[in-house]
$ cat entry.cif   # mmCIF, C-alpha atoms
data_model
#
loop_
_atom_site.label_atom_id
_atom_site.label_comp_id
_atom_site.auth_asym_id
_atom_site.auth_seq_id
_atom_site.Cartn_x
_atom_site.Cartn_y
_atom_site.Cartn_z
CA MET A 2 -36.43 -3.46 -18.39
CA ASN A 3 -34.44 -3.88 -15.22
CA VAL A 4 -30.70 -4.17 -14.76
CA VAL A 5 -28.60 -3.84 -11.63
CA ILE A 6 -25.96 -1.10 -11.78
CA ASN A 7 -23.52 -0.98 -8.86
CA GLY A 8 -26.00 -2.82 -6.69
CA VAL A 9 -28.96 -0.58 -7.55
CA GLU A 10 -31.98 -1.90 -9.48
CA THR A 11 -32.29 0.42 -12.48
CA ILE A 12 -34.87 0.72 -15.28
CA ILE A 13 -33.41 1.21 -18.77
CA SER A 14 -34.94 1.21 -22.26
CA PRO A 15 -35.05 -2.19 -23.93
CA GLY A 16 -32.30 -2.56 -26.52
CA SER A 17 -29.97 -0.11 -24.79
CA THR A 18 -26.27 -0.44 -25.43
CA LEU A 19 -23.84 -0.25 -22.56
CA ALA A 20 -22.46 2.98 -24.01
CA ALA A 21 -25.93 4.56 -23.92
CA VAL A 22 -26.34 3.65 -20.26
CA LEU A 23 -22.89 4.92 -19.34
CA GLN A 24 -23.58 8.26 -21.06
CA LYS A 25 -26.40 8.94 -18.58
CA HIS A 26 -23.93 9.14 -15.69
CA GLU A 27 -21.11 11.42 -14.65
CA LEU A 28 -18.12 9.10 -14.68
CA PRO A 29 -14.52 9.63 -13.57
CA SER A 30 -11.61 9.93 -15.99
CA SER A 31 -10.87 6.22 -15.76
CA TYR A 32 -13.01 3.29 -14.78
CA VAL A 33 -13.69 -0.31 -15.69
CA VAL A 34 -16.99 -2.03 -16.38
CA GLU A 35 -17.85 -5.58 -15.41
CA LEU A 36 -20.91 -7.14 -17.03
CA ASN A 37 -22.09 -10.22 -15.16
CA GLU A 38 -18.63 -10.51 -13.60
CA LYS A 39 -16.83 -10.30 -16.96
CA ILE A 40 -14.59 -7.30 -17.60
CA LEU A 41 -15.41 -5.57 -20.87
CA ASP A 42 -12.97 -3.88 -23.22
CA PRO A 43 -13.95 -0.21 -23.75
CA GLU A 44 -14.18 -0.96 -27.47
CA GLU A 45 -17.13 -3.26 -26.70
CA TYR A 46 -19.22 -0.56 -24.97
CA GLU A 47 -20.80 0.75 -28.20
CA THR A 48 -21.96 -2.64 -29.39
CA GLN A 49 -22.71 -4.42 -26.11
CA LEU A 50 -26.50 -4.76 -25.75
CA LEU A 51 -27.95 -5.11 -22.27
CA LYS A 52 -30.66 -7.58 -21.39
CA GLU A 53 -33.11 -8.01 -18.54
CA GLY A 54 -31.41 -8.92 -15.27
CA ASP A 55 -27.87 -7.97 -16.32
CA THR A 56 -25.56 -6.92 -13.52
CA LEU A 57 -23.16 -4.07 -14.19
CA GLU A 58 -20.34 -2.99 -11.94
CA ILE A 59 -18.65 0.32 -12.73
CA ILE A 60 -15.43 0.48 -10.74
CA ARG A 61 -12.87 3.22 -10.26
CA PHE A 62 -9.76 4.03 -8.23
CA VAL A 63 -10.22 5.92 -4.99
CA GLY A 64 -7.79 6.83 -2.25
CA GLY A 65 -6.64 3.79 -0.30
CA GLY A 66 -3.77 2.45 1.72
CA MET B 23 18.86 2.10 -4.71
CA LEU B 24 15.77 0.04 -3.98
CA THR B 25 14.61 -2.16 -6.84
CA ILE B 26 11.31 -4.02 -6.92
CA ALA B 27 10.52 -6.17 -9.95
CA ASP B 28 13.29 -4.40 -11.90
CA SER B 29 11.84 -0.95 -11.16
CA PRO B 30 14.18 1.42 -9.30
CA PHE B 31 12.92 3.62 -6.45
CA ARG B 32 14.96 6.52 -5.12
CA SER B 33 12.43 7.14 -2.35
CA ARG B 34 11.87 4.41 0.22
CA LEU B 35 8.66 6.01 1.41
CA PHE B 36 5.53 4.63 -0.22
CA LEU B 37 2.34 6.59 0.31
CA GLY B 38 -1.20 5.39 0.82
CA THR B 39 -3.77 7.79 -0.60
CA GLY B 40 -6.78 7.07 1.63
CA LYS B 41 -8.39 9.30 4.27
CA PHE B 42 -7.08 12.62 2.91
CA GLY B 43 -9.47 15.51 3.46
CA SER B 44 -9.32 16.49 -0.22
CA THR B 45 -7.50 15.66 -3.42
CA ALA B 46 -5.63 18.98 -3.04
CA LEU B 47 -4.22 17.88 0.34
CA LEU B 48 -3.28 14.53 -1.18
CA LYS B 49 -1.45 16.25 -4.03
CA GLU B 50 0.53 18.40 -1.59
CA ALA B 51 1.43 15.36 0.50
CA ILE B 52 2.58 13.37 -2.55
CA ASP B 53 4.82 16.25 -3.62
CA ALA B 54 6.21 16.82 -0.12
CA SER B 55 6.86 13.12 0.47
CA GLY B 56 8.98 12.65 -2.63
CA THR B 57 7.33 9.27 -3.02
CA GLU B 58 7.47 7.32 -6.26
CA MET B 59 4.89 4.68 -5.32
CA VAL B 60 1.31 5.26 -4.21
CA THR B 61 -1.39 2.80 -3.31
CA VAL B 62 -4.97 3.19 -4.46
CA ALA B 63 -8.14 1.21 -3.83
CA LEU B 64 -11.00 0.09 -6.06
CA ARG B 65 -14.57 1.03 -5.29
CA ARG B 66 -17.86 1.31 -7.12
CA VAL B 67 -18.44 4.64 -8.81
CA ASP B 68 -21.07 6.53 -6.78
CA LEU B 69 -23.53 7.27 -9.56
CA ARG B 70 -25.72 9.61 -7.52
CA ASP B 71 -22.94 11.66 -5.96
CA PRO B 72 -19.83 12.09 -8.14
CA GLU B 73 -16.74 12.39 -5.98
CA ASP B 74 -13.37 14.04 -6.49
CA ASP B 75 -11.42 12.11 -9.09
CA ILE B 76 -8.18 10.93 -7.51
CA MET B 77 -6.70 10.30 -10.96
CA THR B 78 -6.62 14.04 -11.60
CA VAL B 79 -3.88 14.50 -8.94
CA VAL B 80 -2.07 11.18 -9.06
CA ASN B 81 0.15 11.18 -12.12
CA GLN B 82 0.70 7.71 -13.48
CA ASN B 83 3.59 8.96 -15.60
CA THR B 84 5.70 9.89 -12.60
CA LEU B 85 4.38 7.53 -9.91
CA VAL B 86 4.13 3.77 -9.77
CA PHE B 87 0.53 2.86 -9.07
CA LEU B 88 0.06 0.07 -6.58
CA PRO B 89 -3.63 -0.83 -6.56
CA ASN B 90 -4.71 -2.77 -3.50
CA THR B 91 -7.35 -5.44 -3.12
CA SER B 92 -8.79 -3.97 0.06
CA GLY B 93 -12.23 -5.32 0.79
CA ALA B 94 -11.37 -8.80 -0.45
CA ARG B 95 -12.27 -11.46 2.12
CA ASN B 96 -10.81 -14.45 0.30
CA SER B 97 -8.51 -15.29 -2.60
CA ASP B 98 -11.30 -15.38 -5.20
CA GLU B 99 -12.45 -11.86 -4.33
CA ALA B 100 -8.84 -10.64 -4.33
CA ILE B 101 -8.21 -12.14 -7.76
CA ARG B 102 -11.38 -10.53 -9.13
CA LEU B 103 -10.25 -7.16 -7.78
CA ALA B 104 -6.77 -7.72 -9.22
CA HIS B 105 -8.25 -8.15 -12.68
CA LEU B 106 -10.32 -4.99 -12.28
CA ALA B 107 -7.27 -3.08 -11.03
CA ARG B 108 -5.23 -4.15 -14.02
CA ALA B 109 -8.02 -3.09 -16.37
CA VAL B 110 -8.00 0.44 -14.92
CA SER B 111 -4.30 0.95 -14.17
CA LYS B 112 -2.94 -0.87 -17.25
CA THR B 113 -0.11 -2.17 -15.08
CA ASN B 114 0.54 -5.43 -13.29
CA TRP B 115 1.47 -3.94 -9.91
CA LEU B 116 -0.70 -5.18 -7.07
CA LYS B 117 -0.77 -4.85 -3.31
CA LEU B 118 -2.54 -8.05 -2.33
CA GLU B 119 -4.72 -7.68 0.75
CA VAL B 120 -7.03 -10.43 1.96
CA THR B 121 -8.72 -9.42 5.20
CA PRO B 122 -11.66 -11.61 6.22
CA ASP B 123 -12.34 -9.90 9.53
CA PRO B 124 -13.37 -6.22 9.23
CA ARG B 125 -12.87 -5.76 12.97
CA THR B 126 -9.12 -6.43 12.93
CA LEU B 127 -8.32 -6.18 9.20
CA LEU B 128 -5.65 -8.80 9.83
CA PRO B 129 -4.58 -10.62 6.67
CA ASP B 130 -5.50 -14.26 5.99
CA PRO B 131 -2.20 -16.05 5.40
CA ALA B 132 -3.60 -19.12 3.64
CA GLU B 133 -5.78 -17.17 1.20
CA THR B 134 -2.96 -14.67 0.61
CA LEU B 135 -0.58 -17.49 -0.35
CA ILE B 136 -3.15 -19.04 -2.70
CA ALA B 137 -3.90 -15.72 -4.40
CA THR B 138 -0.22 -14.76 -4.69
CA GLU B 139 0.64 -17.99 -6.45
CA LYS B 140 -2.23 -17.64 -8.94
CA LEU B 141 -1.66 -13.95 -9.65
CA VAL B 142 2.09 -14.34 -10.15
CA LYS B 143 1.32 -16.98 -12.78
CA GLU B 144 -0.93 -14.45 -14.50
CA GLY B 145 1.93 -11.98 -14.67
CA PHE B 146 1.05 -9.73 -11.76
CA ILE B 147 3.77 -8.07 -9.70
CA VAL B 148 2.43 -9.08 -6.31
CA LEU B 149 3.31 -7.35 -3.05
CA PRO B 150 1.33 -9.21 -0.38
CA TYR B 151 0.28 -7.55 2.86
CA ILE B 152 0.98 -10.05 5.64
CA ASN B 153 1.19 -10.45 9.33
CA ALA B 154 4.82 -10.36 10.42
CA ASP B 155 5.30 -14.08 9.89
CA PRO B 156 8.81 -15.04 8.74
CA ILE B 157 7.79 -18.49 7.50
CA LEU B 158 4.91 -17.06 5.45
CA ALA B 159 7.26 -14.44 4.02
CA LEU B 160 9.52 -17.20 2.73
CA ARG B 161 6.59 -19.16 1.32
CA LEU B 162 5.40 -16.07 -0.55
CA GLN B 163 8.87 -15.38 -1.85
CA ASP B 164 9.04 -18.97 -3.09
CA VAL B 165 5.84 -18.58 -5.12
CA GLY B 166 7.07 -15.38 -6.71
CA ALA B 167 6.02 -12.41 -4.59
CA ALA B 168 7.97 -9.33 -5.71
CA ALA B 169 8.24 -8.06 -2.13
CA VAL B 170 6.59 -8.77 1.19
CA MET B 171 4.71 -6.22 3.26
CA PRO B 172 4.62 -7.24 6.92
CA LEU B 173 2.53 -5.14 9.27
CA GLY B 174 4.07 -3.14 12.10
CA SER B 175 0.70 -3.16 13.85
CA PRO B 176 -2.88 -3.43 12.58
CA ILE B 177 -4.07 -1.05 9.86
CA GLY B 178 -4.86 2.47 10.99
CA THR B 179 -3.85 1.93 14.63
CA ASN B 180 -0.76 4.19 14.63
CA GLN B 181 0.76 1.78 17.18
CA GLY B 182 4.16 1.58 15.52
CA ILE B 183 6.39 -1.47 15.11
CA LEU B 184 4.88 -3.91 17.61
CA THR B 185 6.19 -6.81 15.55
CA ALA B 186 9.85 -5.75 15.61
CA PHE B 187 11.23 -9.17 16.55
CA GLN B 188 9.43 -10.98 13.72
CA ILE B 189 10.18 -8.23 11.21
CA ALA B 190 13.88 -8.49 12.09
CA ILE B 191 13.75 -12.21 11.21
CA ILE B 192 11.90 -11.49 7.97
CA ILE B 193 14.51 -8.91 6.98
CA GLU B 194 17.34 -11.30 7.83
CA GLN B 195 15.86 -14.15 5.79
CA ALA B 196 14.11 -12.54 2.83
CA SER B 197 15.74 -12.23 -0.56
CA VAL B 198 12.91 -10.00 -1.81
CA PRO B 199 12.43 -6.42 -0.55
CA VAL B 200 10.65 -5.99 2.78
CA VAL B 201 8.21 -3.09 2.95
CA VAL B 202 6.88 -2.46 6.44
CA ASP B 203 3.24 -1.59 6.09
CA ALA B 204 0.45 -0.62 8.47
CA GLY B 205 0.50 0.83 11.94
CA ILE B 206 3.34 3.28 11.33
CA GLY B 207 1.99 6.24 13.25
CA ALA B 208 4.97 8.57 13.59
CA PRO B 209 8.18 9.40 11.75
CA SER B 210 10.12 7.70 14.58
CA HIS B 211 8.31 4.44 13.79
CA ALA B 212 9.33 4.74 10.15
CA ALA B 213 12.91 5.51 11.16
CA GLN B 214 12.91 2.48 13.43
CA ALA B 215 11.79 0.19 10.61
CA MET B 216 14.44 1.61 8.29
CA GLU B 217 17.18 1.33 10.96
CA MET B 218 16.27 -2.35 11.24
CA GLY B 219 16.97 -2.77 7.55
CA ALA B 220 13.52 -2.60 6.03
CA ASP B 221 13.77 -1.73 2.36
CA ALA B 222 10.86 0.72 2.48
CA VAL B 223 7.81 1.69 4.49
CA LEU B 224 4.25 2.35 3.41
CA VAL B 225 2.51 5.12 5.33
CA ASN B 226 -1.03 6.38 4.95
CA THR B 227 -3.12 7.20 8.02
CA ALA B 228 -0.39 9.00 9.95
CA ILE B 229 0.11 11.45 7.09
CA ALA B 230 -3.48 11.72 5.86
CA VAL B 231 -5.11 12.52 9.20
CA SER B 232 -2.37 14.77 10.55
CA GLY B 233 -3.06 18.48 11.07
CA ASN B 234 -0.82 19.28 8.10
CA PRO B 235 -0.40 16.34 5.73
CA ALA B 236 2.25 18.01 3.55
CA VAL B 237 4.48 18.86 6.53
CA MET B 238 3.95 15.39 8.00
CA ALA B 239 4.80 13.81 4.64
CA SER B 240 8.06 15.75 4.63
CA ALA B 241 8.76 14.67 8.22
CA PHE B 242 8.27 11.04 7.22
CA ALA B 243 10.53 11.46 4.20
CA GLN B 244 13.30 12.80 6.44
CA ALA B 245 12.80 10.01 8.97
CA VAL B 246 12.96 7.34 6.28
CA ARG B 247 16.19 8.81 4.89
CA ALA B 248 17.68 9.10 8.40
CA GLY B 249 16.75 5.54 9.28
CA ARG B 250 18.15 4.19 6.03
CA SER B 251 21.41 6.12 6.46
CA ALA B 252 21.76 4.76 10.01
CA TYR B 253 21.23 1.22 8.75
CA GLU B 254 23.81 1.67 6.01
CA ALA B 255 26.30 3.22 8.44
CA GLY B 256 25.80 0.35 10.88
CA LEU B 257 24.37 0.79 14.34
CA GLY B 258 26.46 -0.03 17.42
CA GLN B 259 25.81 -3.23 19.31
CA LYS B 260 23.44 -3.11 22.25
CA SER B 261 25.08 -4.02 25.55
CA LEU B 262 24.14 -4.41 29.20
CA GLN B 263 27.71 -3.43 30.17
CA THR B 264 28.30 0.32 30.47
CA ARG B 265 31.17 1.73 28.47
CA ALA B 266 32.26 5.34 29.01
CA SER B 267 32.12 7.64 26.03
CA SER B 268 34.68 10.05 27.50
CA PRO B 269 38.42 9.32 27.77
CA GLN B 270 39.45 7.51 30.95
CA LYS B 271 43.04 8.82 31.08
CA GLY B 272 44.43 12.26 32.01
CA SER B 273 42.42 13.34 35.06
CA LEU B 274 42.66 17.01 36.05
CA SER B 275 44.02 16.67 39.64
CA GLU B 276 44.42 14.41 42.64
CA ASP B 277 41.10 15.71 43.92
CA LEU B 278 39.52 14.26 40.84
CA SER B 279 41.22 10.91 41.27
CA PHE B 280 37.82 9.25 41.11
CA LEU B 281 37.97 9.99 37.41
CA ASP B 282 40.99 7.70 37.07
CA ASP B 283 40.54 4.52 35.16
CA LYS B 284 40.16 1.81 37.79
#
$ encode --input "entry.cif" --output "structure tokens"
Amino acid sequence: MNVVINGVETIISPGSTLAAVLQKHELPSSYVVELNEKILDPEEYETQLLKEGDTLEIIRFVGGG
Amino acid sequence: MLTIADSPFRSRLFLGTGKFGSTALLKEAIDASGTEMVTVALRRVDLRDPEDDIMTVVNQNTLVFLPNTSGARNSDEAIRLAHLARAVSKTNWLKLEVTPDPRTLLPDPAETLIATEKLVKEGFIVLPYINADPILALRLQDVGAAAVMPLGSPIGTNQGILTAFQIAIIIEQASVPVVVDAGIGAPSHAAQAMEMGADAVLVNTAIAVSGNPAVMASAFAQAVRAGRSAYEAGLGQKSLQTRASSPQKGSLSEDLSFLDDK
């Protein structure tokens, strides 16, 4: 099934949790995840199931002025 | 000592962390600057090309984190970024930037006022980036901004304090701290802002893109201290009338009678 992660159409296994999807990527020491424009608590990652068409944003701090 | 939202700052130099060639150079510049407040931006994680992690060199235990909302084009986008920033930083500090035009990056005053009012009500410590508009500064102060951040000149231009007249009015009127932000391209610009009575300056580009960011950060730290000391000591009045610095009495001889006080 298809979800959009950081603007990129991505195929994931049906029934995947958010945690399972996050584990596939090299992520910085701190970040925040928005699912369909709602910020998730890290405690929800293990139980949050993804569905077709979900939009994920994984956001971090970078250098900025 | 400078206090913003009940937090004391010994250093009046705030440092932007963008445009540094590496996280190592950023770390050196932070240390050399003596800063206690750094700005950071929010961006998507690049999932295909992991970058240096800025959080490995920016210590949240010793530095106040001031996340910005750069990229926001209106108040709704800025508020969304503010919520994301709070989720990552676990603090309420926020540099509010609303810049609809990527060509000038000038801030939108109406959207900035709307977002400030909403975010203050949500408990954010809001430091809005604004054009050097004294009336807007007062409006923002009225809705609870913790400080105001008027621009010296547009972001990244290194043009210095082109808005000196308006910034002087803001400083005179504001009851919240005034942090001159953007366009400060040289230590002399920072010193000028501090001599005028600015409470702090925020510098990024001029340090980050210099040939030696750590040395430049130190130069800015010295300039900020010098400017602040000059402000506290009190600068002399400007005058169009010349006034001799040397004594006018006791000339050396008749031949030097032109030295006599007329």
$ residues_around --input "entry.cif" --residues "B:Val79" --least-positions-apart "5" --cutoff "10 Å" --atoms "only C-alpha atoms" --output "ChimeraX atom specification"
/B:45-50,52,74
$ write_last_selection --input "entry.cif" --atoms "C-alpha atoms" --output "PDB file, in the frame of the given file"
ATOM      1  CA  THR B  45      -7.500  15.660  -3.420  1.00  0.00           C
ATOM      2  CA  ALA B  46      -5.630  18.980  -3.040  1.00  0.00           C
ATOM      3  CA  LEU B  47      -4.220  17.880   0.340  1.00  0.00           C
ATOM      4  CA  LEU B  48      -3.280  14.530  -1.180  1.00  0.00           C
ATOM      5  CA  LYS B  49      -1.450  16.250  -4.030  1.00  0.00           C
ATOM      6  CA  GLU B  50       0.530  18.400  -1.590  1.00  0.00           C
ATOM      7  CA  ILE B  52       2.580  13.370  -2.550  1.00  0.00           C
ATOM      8  CA  ASP B  74     -13.370  14.040  -6.490  1.00  0.00           C
TER       9      ASP B  74
END
$ atom_distance --input "entry.cif" --atom1 "atom CA of B:Thr91" --atom2 "atom CA of B:Pro30"
23.4 Å
$ resolve_selection --input "entry.cif" --expression "the PyMOL selection byres ((chain A and resi 18) around 9)" --output "list of chain:residue names"
A:Gly16, A:Ser17, A:Leu19, A:Ala20, A:Ala21, A:Val22, A:Leu23, A:Tyr46, A:Glu47, A:Thr48, A:Gln49, A:Leu50, A:Leu51
$ closest_residue --input "entry.cif" --among "A:Lys25, A:Asn7, A:Glu53, A:Ser14" --to "A:Glu38" --atoms "all atoms listed in the file"
A:Asn7
$ residues_around --input "entry.cif" --residues "A:Asp55" --least-positions-apart "3" --cutoff "8 Å" --atoms "only C-alpha atoms" --output "JSON, numbers by chain"
{"A": [3, 4, 5, 36, 37, 51, 52]}
$ residues_around --input "entry.cif" --residues "B:Leu135" --least-positions-apart "3" --cutoff "9 Å" --atoms "only C-alpha atoms" --output "number ranges by chain"
B: 97, 130-132, 138-140, 150, 158, 161-162, 165
$ closest_residue --input "entry.cif" --among "B:Met238, B:Glu99, B:Ala167, B:Ile76" --to "B:Ala54" --atoms "only C-alpha atoms"
B:Met238
$ interface_residues --input "entry.cif" --of "chain A" --to "chain B" --cutoff "10 Å" --atoms "only C-alpha atoms" --output "PyMOL selection string"
chain A and resi 6-9+25-35+38-43+58-66
$ axis_aligned_box --input "entry.cif" --around "stretch 36-48 of chain A" --padding-each-side "4 Å" --output "JSON"
{"center_x": -17.5, "center_y": -4.9, "center_z": -21.5, "size_x": 17.1, "size_y": 19.3, "size_z": 23.8}
$ resolve_selection --input "entry.cif" --expression "the PyMOL selection byres ((chain B and resi 32) around 6)" --output "ChimeraX atom specification"
/B:23,31,33
$ resolve_selection --input "entry.cif" --expression "the PyMOL selection byres ((chain B and resi 122) around 6)" --output "tab-separated table (two decimals) with C-alpha atoms, keeping the file's coordinate frame"
chain	number	residue	atom	x	y	z
B	95	ARG	CA	-12.27	-11.46	2.12
B	121	THR	CA	-8.72	-9.42	5.20
B	123	ASP	CA	-12.34	-9.90	9.53
$ closest_residue --input "entry.cif" --among "B:Ile157, B:Ile229, B:Leu128, B:Val201" --to "B:Ala215" --atoms "all atoms listed in the file"
B:Val201
$ residues_around --input "entry.cif" --residues "stretch 264-271 of chain B" --least-positions-apart "4" --cutoff "12 Å" --atoms "all atoms listed in the file" --output "PyMOL selection string"
chain B and resi 259-260+275+278-284
$ write_last_selection --input "entry.cif" --atoms "C-alpha atoms" --output "JSON list (two decimals), keeping the file's coordinate frame"
[["chain", "number", "residue", "atom", "x", "y", "z"],
["B", 259, "GLN", "CA", 25.81, -3.23, 19.31],
["B", 260, "LYS", "CA", 23.44, -3.11, 22.25],
["B", 275, "SER", "CA", 44.02, 16.67, 39.64],
["B", 278, "LEU", "CA", 39.52, 14.26, 40.84],
["B", 279, "SER", "CA", 41.22, 10.91, 41.27],
["B", 280, "PHE", "CA", 37.82, 9.25, 41.11],
["B", 281, "LEU", "CA", 37.97, 9.99, 37.41],
["B", 282, "ASP", "CA", 40.99, 7.70, 37.07],
["B", 283, "ASP", "CA", 40.54, 4.52, 35.16],
["B", 284, "LYS", "CA", 40.16, 1.81, 37.79]]
$ atom_distance --input "entry.cif" --atom1 "atom CA of B:Thr185" --atom2 "atom CA of B:Gly56"
26.8 Å
$ residues_near_point --input "entry.cif" --point "(9.8, 6.3, 5.1)" --cutoff "6 Å" --atoms "all atoms listed in the file" --output "PyMOL selection string"
chain B and resi 34-35+212+223+242-243+246
$ atom_distance --input "entry.cif" --atom1 "atom CA of B:Glu133" --atom2 "atom CA of B:Val120"
6.9 Å
$ closest_residue --input "entry.cif" --among "B:Met59, B:Ala94, B:Ala137, B:Val200" --to "B:Asn81" --atoms "only C-alpha atoms"
B:Met59
$ closest_residue --input "entry.cif" --among "B:Ala248, B:Ala208, B:Leu24, B:Val86" --to "B:Ser232" --atoms "all atoms listed in the file"
B:Ala208
$ decode --input "entry.cif" --residues "chain A" --atoms "C-alpha atoms" --output "mmCIF file, in the first residue's frame"
data_model
loop_
_atom_site.group_PDB
_atom_site.id
_atom_site.type_symbol
_atom_site.label_atom_id
_atom_site.label_comp_id
_atom_site.auth_asym_id
_atom_site.auth_seq_id
_atom_site.Cartn_x
_atom_site.Cartn_y
_atom_site.Cartn_z
ATOM 1 C CA MET A 2 0.000 0.000 0.000
ATOM 2 C CA ASN A 3 1.032 3.575 -0.597
ATOM 3 C CA VAL A 4 1.751 6.311 1.909
ATOM 4 C CA VAL A 5 3.489 9.637 1.444
ATOM 5 C CA ILE A 6 6.580 10.133 3.618
ATOM 6 C CA ASN A 7 8.139 13.600 3.540
ATOM 7 C CA GLY A 8 6.531 14.272 0.188
ATOM 8 C CA VAL A 9 7.661 10.997 -1.412
ATOM 9 C CA GLU A 10 5.167 8.305 -2.450
ATOM 10 C CA THR A 11 6.334 5.162 -0.643
ATOM 11 C CA ILE A 12 5.165 1.532 -0.739
ATOM 12 C CA ILE A 13 4.887 -0.164 2.673
ATOM 13 C CA SER A 14 3.479 -3.510 3.810
ATOM 14 C CA PRO A 15 -0.195 -3.446 4.717
ATOM 15 C CA GLY A 16 -0.708 -3.399 8.480
ATOM 16 C CA SER A 17 2.620 -1.698 9.175
ATOM 17 C CA THR A 18 2.963 0.275 12.377
ATOM 18 C CA LEU A 19 4.568 3.680 12.327
ATOM 19 C CA ALA A 20 7.433 2.307 14.410
ATOM 20 C CA ALA A 21 8.128 -0.371 11.787
ATOM 21 C CA VAL A 22 8.303 2.244 9.047
ATOM 22 C CA LEU A 23 10.551 4.531 11.081
ATOM 23 C CA GLN A 24 12.955 1.650 11.788
ATOM 24 C CA LYS A 25 13.692 1.366 8.058
ATOM 25 C CA HIS A 26 15.318 4.804 8.022
ATOM 26 C CA GLU A 27 18.396 6.394 9.535
ATOM 27 C CA LEU A 28 16.920 9.098 11.742
ATOM 28 C CA PRO A 29 18.568 11.887 13.742
ATOM 29 C CA SER A 30 18.770 11.898 17.529
ATOM 30 C CA SER A 31 15.575 13.917 17.821
ATOM 31 C CA TYR A 32 12.678 14.386 15.475
ATOM 32 C CA VAL A 33 8.915 14.707 15.445
ATOM 33 C CA VAL A 34 6.364 12.847 13.369
ATOM 34 C CA GLU A 35 3.185 14.325 11.975
ATOM 35 C CA LEU A 36 0.546 11.910 10.684
ATOM 36 C CA ASN A 37 -2.007 13.641 8.471
ATOM 37 C CA GLU A 38 -1.004 16.967 10.043
ATOM 38 C CA LYS A 39 -1.421 15.678 13.618
ATOM 39 C CA ILE A 40 1.668 15.485 15.815
ATOM 40 C CA LEU A 41 2.086 12.061 17.400
ATOM 41 C CA ASP A 42 3.490 11.310 20.828
ATOM 42 C CA PRO A 43 6.497 8.948 20.561
ATOM 43 C CA GLU A 44 4.615 6.524 22.802
ATOM 44 C CA GLU A 45 2.058 6.105 20.001
ATOM 45 C CA TYR A 46 4.600 4.984 17.372
ATOM 46 C CA GLU A 47 4.467 1.286 18.349
ATOM 47 C CA THR A 48 0.707 1.036 18.154
ATOM 48 C CA GLN A 49 -0.110 3.505 15.378
ATOM 49 C CA LEU A 50 -1.176 1.548 12.275
ATOM 50 C CA LEU A 51 -0.773 3.184 8.884
ATOM 51 C CA LYS A 52 -3.412 3.065 6.192
ATOM 52 C CA GLU A 53 -3.502 3.675 2.460
ATOM 53 C CA GLY A 54 -2.960 7.326 1.562
ATOM 54 C CA ASP A 55 -1.594 8.424 4.946
ATOM 55 C CA THR A 56 0.752 11.378 4.881
ATOM 56 C CA LEU A 57 3.736 11.321 7.214
ATOM 57 C CA GLU A 58 6.066 14.202 7.897
ATOM 58 C CA ILE A 59 9.274 13.445 9.788
ATOM 59 C CA ILE A 60 10.755 16.744 10.915
ATOM 60 C CA ARG A 61 14.026 17.611 12.611
ATOM 61 C CA PHE A 62 16.095 20.632 13.643
ATOM 62 C CA VAL A 63 18.724 21.862 11.224
ATOM 63 C CA GLY A 64 20.959 24.912 11.280
ATOM 64 C CA GLY A 65 19.006 28.109 10.769
ATOM 65 C CA GLY A 66 19.031 31.791 11.567
#
